[in-house]
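Participant: My questions will all concern the structure given below.
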Amino acid sequence: MDVPLPVNSLTERQAGPGVVRRHRRRRWVEASLVALAAGWIAYQLVTNPGFQWPVVASYFTSGEILSGLLLTIELTVVTQAIGIAIGICLAMMQLSDSRITATAAAAYVWFFRGTPVLVQLIFWYNLAYLFPRVALGVPAGPTFFSMSTNSLISPFTAALLGLGLNEGAYMAEIVRGGILSVDAGQMEAGRALGMTSLQVMRRIVLPQAMRSIVPATGNQTIGMLKYTSLASVVSLQELLNSAETIYTRTFQTIPLLIVASLWYLVLTTVLSWGQYYVERYYARGSAHELPATPAAMLAATMRGARARLAAVLR
Amino acid sequence: MLCALGPSGSGKSTLLRCINHLEPVDSGLVYLEGQLVGYRQIGGKLYELSEREICQKRAEIGIVFQQFNLFPHMTVLQNLIEAPMLVKGESRSAATQRALVLLERVGLANKADSYPRTLSGGQQQRVAIARALAMEPKVMLFDEPTSALDPELVGEVLGVMRDLAGSGMTMIVVTHEVGFAREVADIVVFIDKGMVVEKGPPQEVLDNPRQERTRDFLARVL
C-alpha cells in the first residue's frame, strides 16, 4: 500500500511550535565565581603596592633588559634550529633499514631525554675538566687546529650545546611520529616514479609529515623560549639573568620578575601567532579546514560579543 | 597488453612490484627491452644495482596503484610535473606543457589546479594514470586500478586504459574486470598461489579454460 509522501515536506519549512531554551542556572553560578576571582585579581594588581608598577614601567625597556631579551631570542632561534636539524637526522636514522644506525639514534634519544637538561648545560660548561684542549688533526699526525676548551666553551656555546643537543632528542621523536603518520603508499608512489629515497623524503613525505610536526614543534619552541632561562646558571646574561642582576642590586625583586615575565608572555604570543600561519601553509590540500588566522578569530569574537551586547541592550 | 587474473593473495600485485623492483626478486629474471631490471648479471651471479641505477630503470616503468596514491599536498599539475623535473631534469615549462596534453587526454584539463582531495575516485585514478605517463614509460603496470572505485566510476578509468592500449602502449593489468580483459587483452594470464596456471588469448583462457582452477575462479567471479 502506498502512502503518498507530503510533497512539500522537504522544500518548505513549516511553522512549528516556538522553542524555549532550557534554563541554565549552573552557568550563572559558574560565571559569578569566575567574575569574583577575576575581580579579586584585578583589585590586587591595582591596589597592592608590592607590585611597584612604576618600577616595572621604568625597567621594561631599559638597556640591560633589552640586551637580555635579544640574547634570549637569539638563543631560542639557534637552539631550536639545531634541535630541528638534529631531530630530522635522528628520525631518518631511526627509520633506516640499518640496525646499527637505528640503534645509535635510539641511544642518543635515550641518553639526552633521560638526563636533566640543567645537568647537561652545566656539564658542557665544565667540559674543560675532561678535555683541557680541543684539537683537529690526524691521530699521531699533524694538528691543523688547537685551542683551549675554556676559550671555546663560552656561556653562549655551552647553552647552545646543552639546550640544542637535548632539544634534538625531543625533536627526533616528533619528526619520527610525523613521518610515520604519512601513508606508506606515498613513499611507494614516489619511488615508483623513479625518485631516490632522499628525494621522496624531501619532496613527498616530509611536506606531509609537517602537518603533524608543526604544532608539536611550536609547542617545543615555546618551551625552549623559557628553557633558555636555565642558561643563567652558566652566567649567560639572558632575559631572566638580566632581571636578576638588577634586583640583586636594587632589591626590587617582584617588579623585575614581572618585567621578565611580561616579555616572555609577549614572545610566546608572537610565536603562537606565527604558528598559525605555518600550519595554514602546510595544511594545503588536506581534508581539514584551515585553522583561522588570529586576526580572523579576533574579528569573530568581536562580532559575537557585539551581537550579544546588542541582544542584552534590546 | 596482458591481463593477469587470479584470486586475492595469489601474487598478482607482488608480480607487478617485482617488475619495477619495489620488491626484491627471490628467483627469476625480469627483462625490459633486453636489459635486466634491478640487477646486473656477471657470470653466474646477480648483483643488485645501485639506488640511482634502479631509479633510472623505474622511471621507464609506469605503475598505477589501487589506492591512486596521488600526492595530496600538490595540485594535479604539480603531481604530474614533479617526477619529470626531479628525476629526468626537465624544465618546468616543458614538463607543464606535456602534463597539460596528458590531462587533456584523460579528460581532466580543467582540473589542473585542483587538489586531489577535491576529485572523485575515478578522476583521481585518471590523474594517477596521467602522472605515470608523464614519465614517458616504456611499459605501464596497473595494480587493480578500478578495485577501489564506486561501480559507476569504473567505466571512465577503463575507458582511458582502453585508449592507451589502442595507442600501442605495452601494458600489464592486474584486474578483476573479466569483461575488460576479454575485450582489450591480447594475452590473459591466470595466476594462483604465485604460479601461472594458464596463459593464452582471452577467448581461450576466459571462454574455454583448460585448467580446473581457472574454471572454478571464473565461475565464482562471473
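Identifiers for the C-alpha cells are assigned positionally: chains receive A, B, ... in sequence, residues are indexed from 1 per chain, and ligands are indexed from 1 in the order shown.
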Kindly determine which residues of chain A lie within 12 Å of chain B, considering only C-alpha atoms, and give the answer as a VMD selection string.
Facilitator: chain A and resid 182 to 200 202 to 211 281 to 288
Participant: Do you know which residues are at most 10 Å from Leu225 (chain A) counting only C-alpha atoms, after dropping those on the same chain fewer than 4 positions away, and could you put them as an NGL selection string?
Facilitator: :A and (72-77 or 79-80 or 220-221 or 229 or 264 or 267-268 or 271)
Participant: Store the residues picked out above, limited to C-alpha atoms, as a compact mmCIF listing (two decimals), in the first residue's frame.
Facilitator:
```txt
# COMPACT_ATOMS: atom_id res chain seq x y z
CA THR A 72 67.07 35.10 24.76
CA ILE A 73 65.60 35.45 21.26
CA GLU A 74 68.93 34.57 19.64
CA LEU A 75 69.39 31.56 21.87
CA THR A 76 65.84 30.32 21.25
CA VAL A 77 66.13 30.62 17.47
CA THR A 79 68.96 26.14 19.68
CA GLN A 80 65.59 25.32 18.13
CA GLN A 220 58.65 22.86 21.74
CA THR A 221 59.77 26.32 20.62
CA SER A 229 66.38 30.93 31.28
CA TYR A 264 58.21 36.06 27.97
CA LEU A 267 57.34 36.46 22.87
CA THR A 268 55.07 33.46 23.48
CA LEU A 271 55.33 32.63 18.48
```
Participant: In Å, how far is it from CA of Leu164 (chain B) to CA of Gln78 (chain B)?
Facilitator: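 We find that CA of Leu164 (chain B) and CA of Gln78 (chain B) lie 22.3 Å from each other.
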Participant: Pull the strand (DSSP E or B) assignments for region 92-176 of chain A out of DSSP run on the backbone, and list those residues as a PDB file with N, CA and C atoms, in the first residue's frame.
Facilitator:
```
ATOM      1  N   ARG A 133      92.079  20.606  26.135  1.00  0.00           N
ATOM      2  CA  ARG A 133      92.290  21.248  24.837  1.00  0.00           C
ATOM      3  C   ARG A 133      91.465  20.541  23.770  1.00  0.00           C
ATOM      4  N   VAL A 134      91.000  21.324  22.826  1.00  0.00           N
ATOM      5  CA  VAL A 134      90.278  20.749  21.688  1.00  0.00           C
ATOM      6  C   VAL A 134      91.146  20.940  20.461  1.00  0.00           C
ATOM      7  N   ALA A 135      91.357  19.858  19.708  1.00  0.00           N
ATOM      8  CA  ALA A 135      92.232  19.973  18.546  1.00  0.00           C
ATOM      9  C   ALA A 135      91.648  19.193  17.382  1.00  0.00           C
ATOM     10  N   LEU A 136      91.988  19.632  16.190  1.00  0.00           N
ATOM     11  CA  LEU A 136      91.548  18.933  14.992  1.00  0.00           C
ATOM     12  C   LEU A 136      92.796  18.487  14.243  1.00  0.00           C
ATOM     13  N   GLY A 137      92.887  17.198  13.956  1.00  0.00           N
ATOM     14  CA  GLY A 137      94.080  16.751  13.258  1.00  0.00           C
ATOM     15  C   GLY A 137      94.029  15.267  13.031  1.00  0.00           C
ATOM     16  N   THR A 143      98.594  18.366  13.454  1.00  0.00           N
ATOM     17  CA  THR A 143      97.418  19.011  14.032  1.00  0.00           C
ATOM     18  C   THR A 143      97.135  20.285  13.249  1.00  0.00           C
ATOM     19  N   PHE A 144      95.905  20.428  12.798  1.00  0.00           N
ATOM     20  CA  PHE A 144      95.569  21.608  11.988  1.00  0.00           C
ATOM     21  C   PHE A 144      95.103  22.767  12.847  1.00  0.00           C
ATOM     22  N   PHE A 145      94.535  22.441  14.004  1.00  0.00           N
ATOM     23  CA  PHE A 145      93.829  23.451  14.764  1.00  0.00           C
ATOM     24  C   PHE A 145      93.784  23.001  16.211  1.00  0.00           C
ATOM     25  N   SER A 146      94.084  23.889  17.125  1.00  0.00           N
ATOM     26  CA  SER A 146      94.047  23.502  18.535  1.00  0.00           C
ATOM     27  C   SER A 146      93.761  24.730  19.380  1.00  0.00           C
ATOM     28  N   MET A 147      92.871  24.614  20.363  1.00  0.00           N
ATOM     29  CA  MET A 147      92.652  25.722  21.288  1.00  0.00           C
ATOM     30  C   MET A 147      92.204  25.179  22.633  1.00  0.00           C
ATOM     31  N   SER A 148      92.316  26.011  23.641  1.00  0.00           N
ATOM     32  CA  SER A 148      91.927  25.536  24.967  1.00  0.00           C
ATOM     33  C   SER A 148      90.411  25.477  25.044  1.00  0.00           C
TER      34      SER A 148
END
```
Participant: Within 9 Å of Arg213 (chain B), counting only C-alpha atoms, which residues show up once you throw out same-chain ones fewer than 4 positions away? Write them as an mmCIF file with all heavy atoms, in the first residue's frame, please.
Facilitator:
```
data_model
loop_
_atom_site.group_PDB
_atom_site.id
_atom_site.type_symbol
_atom_site.label_atom_id
_atom_site.label_comp_id
_atom_site.auth_asym_id
_atom_site.auth_seq_id
_atom_site.Cartn_x
_atom_site.Cartn_y
_atom_site.Cartn_z
ATOM 1 N N ASP B 192 47.649 -18.387 -9.727
ATOM 2 C CA ASP B 192 47.171 -18.853 -8.426
ATOM 3 C C ASP B 192 48.358 -19.343 -7.621
ATOM 4 O O ASP B 192 49.242 -20.012 -8.149
ATOM 5 C CB ASP B 192 46.131 -19.965 -8.615
ATOM 6 C CG ASP B 192 45.395 -20.252 -7.306
ATOM 7 O OD1 ASP B 192 45.514 -19.427 -6.375
ATOM 8 O OD2 ASP B 192 44.709 -21.284 -7.233
ATOM 9 N N VAL B 197 48.945 -20.428 -13.927
ATOM 10 C CA VAL B 197 48.201 -21.666 -14.120
ATOM 11 C C VAL B 197 47.854 -21.851 -15.589
ATOM 12 O O VAL B 197 47.948 -22.938 -16.141
ATOM 13 C CB VAL B 197 46.909 -21.653 -13.273
ATOM 14 C CG1 VAL B 197 46.063 -22.881 -13.562
ATOM 15 C CG2 VAL B 197 47.249 -21.569 -11.797
ATOM 16 N N PRO B 209 38.494 -22.361 -20.625
ATOM 17 C CA PRO B 209 39.648 -22.697 -19.782
ATOM 18 C C PRO B 209 39.899 -24.189 -19.729
ATOM 19 O O PRO B 209 38.962 -24.981 -19.665
ATOM 20 C CB PRO B 209 39.239 -22.155 -18.405
ATOM 21 C CG PRO B 209 37.766 -22.028 -18.445
ATOM 22 C CD PRO B 209 37.370 -21.810 -19.854
ATOM 23 N N PHE B 217 37.572 -20.422 -10.638
ATOM 24 C CA PHE B 217 37.673 -18.989 -10.371
ATOM 25 C C PHE B 217 36.675 -18.205 -11.218
ATOM 26 O O PHE B 217 35.928 -17.362 -10.714
ATOM 27 C CB PHE B 217 39.104 -18.519 -10.658
ATOM 28 C CG PHE B 217 39.273 -17.032 -10.541
ATOM 29 C CD1 PHE B 217 39.357 -16.428 -9.285
ATOM 30 C CD2 PHE B 217 39.343 -16.232 -11.672
ATOM 31 C CE1 PHE B 217 39.499 -15.065 -9.174
ATOM 32 C CE2 PHE B 217 39.484 -14.864 -11.557
ATOM 33 C CZ PHE B 217 39.569 -14.279 -10.306
ATOM 34 N N LEU B 218 36.640 -18.515 -12.513
ATOM 35 C CA LEU B 218 35.744 -17.785 -13.414
ATOM 36 C C LEU B 218 34.288 -17.999 -13.024
ATOM 37 O O LEU B 218 33.478 -17.081 -13.082
ATOM 38 C CB LEU B 218 35.983 -18.220 -14.866
ATOM 39 C CG LEU B 218 37.310 -17.709 -15.440
ATOM 40 C CD1 LEU B 218 37.567 -18.330 -16.802
ATOM 41 C CD2 LEU B 218 37.304 -16.192 -15.528
#
```
Participant: Please, which residues of region 98-191 of chain B, numbered as in this document, come out alpha helix (DSSP H) from DSSP, as a PyMOL selection string?
Facilitator: chain B and resi 98-105+121-133+151-166+178-184
Participant: Determine, counting only C-alpha atoms, which protein, DNA and RNA residues have an atom within 9 Å of an atom of region 38-55 of chain A; residues of the same chain fewer than 6 positions away are not included. Present the result as a list in words.
Facilitator: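 Here the answer would be Gln252, Ile254, Pro255, Leu256 and Ile258 of chain A.
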Participant: With only C-alpha atoms as the counted atoms, please give the residues lying no more than 12 Å from Glu238 (chain A), apart from itself and same-chain residues fewer than 3 positions off, as an mmCIF file with N, CA, C and O atoms, in the first residue's frame.
Facilitator:
```cif
data_model
loop_
_atom_site.group_PDB
_atom_site.id
_atom_site.type_symbol
_atom_site.label_atom_id
_atom_site.label_comp_id
_atom_site.auth_asym_id
_atom_site.auth_seq_id
_atom_site.Cartn_x
_atom_site.Cartn_y
_atom_site.Cartn_z
ATOM 1 N N GLU A 64 69.614 47.110 29.841
ATOM 2 C CA GLU A 64 70.040 45.806 30.336
ATOM 3 C C GLU A 64 69.016 44.720 29.999
ATOM 4 O O GLU A 64 69.357 43.636 29.536
ATOM 5 N N ILE A 65 67.726 45.057 30.257
ATOM 6 C CA ILE A 65 66.654 44.106 29.981
ATOM 7 C C ILE A 65 66.577 43.815 28.480
ATOM 8 O O ILE A 65 66.463 42.653 28.060
ATOM 9 N N LEU A 66 66.681 44.848 27.662
ATOM 10 C CA LEU A 66 66.538 44.646 26.218
ATOM 11 C C LEU A 66 67.676 43.809 25.650
ATOM 12 O O LEU A 66 67.461 42.966 24.774
ATOM 13 N N SER A 67 68.894 44.005 26.169
ATOM 14 C CA SER A 67 70.002 43.187 25.639
ATOM 15 C C SER A 67 69.821 41.738 26.081
ATOM 16 O O SER A 67 70.137 40.806 25.336
ATOM 17 N N GLY A 68 69.297 41.545 27.311
ATOM 18 C CA GLY A 68 68.977 40.185 27.756
ATOM 19 C C GLY A 68 67.910 39.567 26.878
ATOM 20 O O GLY A 68 68.000 38.394 26.479
ATOM 21 N N LEU A 69 66.902 40.375 26.534
ATOM 22 C CA LEU A 69 65.809 39.912 25.684
ATOM 23 C C LEU A 69 66.345 39.451 24.323
ATOM 24 O O LEU A 69 65.994 38.385 23.810
ATOM 25 N N LEU A 70 67.260 40.281 23.779
ATOM 26 C CA LEU A 70 67.828 39.958 22.466
ATOM 27 C C LEU A 70 68.569 38.616 22.524
ATOM 28 O O LEU A 70 68.428 37.766 21.636
ATOM 29 N N LEU A 71 69.330 38.417 23.604
ATOM 30 C CA LEU A 71 70.090 37.181 23.755
ATOM 31 C C LEU A 71 69.144 35.978 23.881
ATOM 32 O O LEU A 71 69.384 34.908 23.318
ATOM 33 N N THR A 72 68.055 36.174 24.618
ATOM 34 C CA THR A 72 67.066 35.102 24.764
ATOM 35 C C THR A 72 66.486 34.714 23.401
ATOM 36 O O THR A 72 66.354 33.534 23.081
ATOM 37 N N ILE A 73 66.162 35.728 22.593
ATOM 38 C CA ILE A 73 65.597 35.450 21.262
ATOM 39 C C ILE A 73 66.620 34.702 20.408
ATOM 40 O O ILE A 73 66.311 33.677 19.789
ATOM 41 N N GLU A 74 67.866 35.221 20.410
ATOM 42 C CA GLU A 74 68.932 34.572 19.638
ATOM 43 C C GLU A 74 69.088 33.111 20.029
ATOM 44 O O GLU A 74 69.111 32.205 19.188
ATOM 45 N N LEU A 75 69.160 32.900 21.348
ATOM 46 C CA LEU A 75 69.394 31.559 21.869
ATOM 47 C C LEU A 75 68.234 30.627 21.488
ATOM 48 O O LEU A 75 68.446 29.481 21.077
ATOM 49 N N THR A 76 67.011 31.135 21.597
ATOM 50 C CA THR A 76 65.843 30.319 21.249
ATOM 51 C C THR A 76 65.887 29.911 19.777
ATOM 52 O O THR A 76 65.720 28.733 19.436
ATOM 53 N N PRO A 155 79.820 30.884 27.808
ATOM 54 C CA PRO A 155 78.465 30.595 28.297
ATOM 55 C C PRO A 155 77.491 30.361 27.137
ATOM 56 O O PRO A 155 76.621 29.493 27.215
ATOM 57 N N PHE A 156 77.651 31.141 26.058
ATOM 58 C CA PHE A 156 76.713 31.014 24.939
ATOM 59 C C PHE A 156 76.846 29.653 24.257
ATOM 60 O O PHE A 156 75.851 28.979 23.993
ATOM 61 N N ALA A 159 75.418 26.952 26.395
ATOM 62 C CA ALA A 159 73.958 26.952 26.340
ATOM 63 C C ALA A 159 73.478 26.338 25.024
ATOM 64 O O ALA A 159 72.520 25.561 24.988
ATOM 65 N N LEU A 225 61.860 28.660 24.599
ATOM 66 C CA LEU A 225 61.955 30.080 24.955
ATOM 67 C C LEU A 225 62.177 30.211 26.461
ATOM 68 O O LEU A 225 62.998 31.014 26.925
ATOM 69 N N LYS A 226 61.462 29.413 27.232
ATOM 70 C CA LYS A 226 61.585 29.529 28.680
ATOM 71 C C LYS A 226 62.737 28.692 29.237
ATOM 72 O O LYS A 226 63.330 29.050 30.236
ATOM 73 N N TYR A 227 63.071 27.587 28.540
ATOM 74 C CA TYR A 227 64.231 26.809 28.984
ATOM 75 C C TYR A 227 65.524 27.612 28.869
ATOM 76 O O TYR A 227 66.491 27.335 29.567
ATOM 77 N N THR A 228 65.550 28.599 27.946
ATOM 78 C CA THR A 228 66.778 29.390 27.815
ATOM 79 C C THR A 228 67.104 30.086 29.128
ATOM 80 O O THR A 228 68.251 30.434 29.365
ATOM 81 N N SER A 229 66.090 30.265 29.999
ATOM 82 C CA SER A 229 66.376 30.932 31.276
ATOM 83 C C SER A 229 67.281 30.067 32.147
ATOM 84 O O SER A 229 67.926 30.565 33.073
ATOM 85 N N LEU A 230 67.358 28.751 31.835
ATOM 86 C CA LEU A 230 68.282 27.885 32.572
ATOM 87 C C LEU A 230 69.724 28.310 32.347
ATOM 88 O O LEU A 230 70.596 28.049 33.175
ATOM 89 N N ALA A 231 69.966 28.960 31.204
ATOM 90 C CA ALA A 231 71.335 29.347 30.880
ATOM 91 C C ALA A 231 71.871 30.371 31.867
ATOM 92 O O ALA A 231 73.063 30.677 31.858
ATOM 93 N N SER A 232 71.013 30.914 32.725
ATOM 94 C CA SER A 232 71.511 31.841 33.737
ATOM 95 C C SER A 232 72.475 31.136 34.689
ATOM 96 O O SER A 232 73.324 31.773 35.292
ATOM 97 N N VAL A 233 72.365 29.771 34.813
ATOM 98 C CA VAL A 233 73.284 29.062 35.718
ATOM 99 C C VAL A 233 74.707 29.011 35.172
ATOM 100 O O VAL A 233 75.638 28.781 35.925
ATOM 101 N N VAL A 234 74.867 29.187 33.855
ATOM 102 C CA VAL A 234 76.233 29.273 33.339
ATOM 103 C C VAL A 234 76.569 30.745 33.067
ATOM 104 O O VAL A 234 77.376 31.058 32.206
ATOM 105 N N SER A 235 75.915 31.612 33.847
ATOM 106 C CA SER A 235 76.119 33.065 33.837
ATOM 107 C C SER A 235 76.020 33.684 32.449
ATOM 108 O O SER A 235 76.791 34.554 32.084
ATOM 109 N N ASN A 241 68.387 36.403 33.670
ATOM 110 C CA ASN A 241 69.616 36.744 34.380
ATOM 111 C C ASN A 241 69.791 38.259 34.452
ATOM 112 O O ASN A 241 70.257 38.793 35.464
ATOM 113 N N SER A 242 69.411 38.969 33.390
ATOM 114 C CA SER A 242 69.489 40.428 33.413
ATOM 115 C C SER A 242 68.600 40.983 34.513
ATOM 116 O O SER A 242 68.996 41.891 35.251
ATOM 117 N N ALA A 243 67.389 40.425 34.613
ATOM 118 C CA ALA A 243 66.468 40.875 35.664
ATOM 119 C C ALA A 243 67.067 40.593 37.052
ATOM 120 O O ALA A 243 67.026 41.446 37.947
ATOM 121 N N GLU A 244 67.636 39.392 37.186
ATOM 122 C CA GLU A 244 68.236 39.023 38.472
ATOM 123 C C GLU A 244 69.356 39.983 38.850
ATOM 124 O O GLU A 244 69.464 40.417 39.994
ATOM 125 N N THR A 245 70.196 40.280 37.850
ATOM 126 C CA THR A 245 71.320 41.180 38.102
ATOM 127 C C THR A 245 70.825 42.513 38.660
ATOM 128 O O THR A 245 71.408 43.062 39.595
ATOM 129 N N ALA A 260 60.400 40.550 33.416
ATOM 130 C CA ALA A 260 60.843 39.392 32.630
ATOM 131 C C ALA A 260 59.640 38.573 32.156
ATOM 132 O O ALA A 260 59.542 38.200 30.974
ATOM 133 N N TRP A 263 57.776 40.054 29.240
ATOM 134 C CA TRP A 263 58.473 39.870 27.963
ATOM 135 C C TRP A 263 58.322 38.431 27.470
ATOM 136 O O TRP A 263 58.110 38.194 26.274
ATOM 137 N N TYR A 264 58.407 37.452 28.395
ATOM 138 C CA TYR A 264 58.208 36.059 27.969
ATOM 139 C C TYR A 264 56.809 35.887 27.385
ATOM 140 O O TYR A 264 56.611 35.201 26.368
#
```
Participant: For a test of reading the model, state the distance in Å between CA of Tyr125 (chain A) and CA of Ile153 (chain A), rounded to one decimal.
Facilitator: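 Atom-to-atom, CA of Tyr125 (chain A) and CA of Ile153 (chain A) are spaced 6.4 Å apart.
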Participant: Which residues are near Glu104 (chain B)? Cut-off 12 Å, only C-alpha atoms, ignore same chain within fewer than 6 positions. Put them as a count of residues only.
Facilitator: 10
Participant: For CA of Cys3 (chain B) and CA of Glu198 (chain B), determine how far apart the two atoms are, in Å to one decimal place.
Facilitator: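 Computing the Euclidean distance for CA of Cys3 (chain B) and CA of Glu198 (chain B) yields 11.9 Å.
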Participant: Could you build a table of the residues in region 159-215 of chain B lying no more than 9 Å from region 147-152 of chain B, giving for each the nearest pair of atoms and their separation in Å rounded to one decimal place, using only C-alpha atoms, ordered by chain and ascending residue number, as CSV?
Facilitator:
```
residue,atom,partner,partner_atom,distance
B:Thr175,CA,B:Ser147,CA,7.9
B:His176,CA,B:Ser147,CA,7.7
B:Glu177,CA,B:Ser147,CA,9.0
```
Participant: Tell me which of B:Met140, B:Leu46, B:Cys18, B:Val76 sits closest to Leu103 (chain B), counting only C-alpha atoms.
Facilitator: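 Looking only at the distances to Leu103 (chain B), the closest residue turns out to be B:Val76.
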Participant: Do you know which residues are at most 10 Å from region 95-110 of chain A counting only C-alpha atoms, after dropping those on the same chain fewer than 2 positions away, and could you put them as a PyMOL selection string?
Facilitator: chain A and resi 87+89-93+112-115+165-173+176+179-180
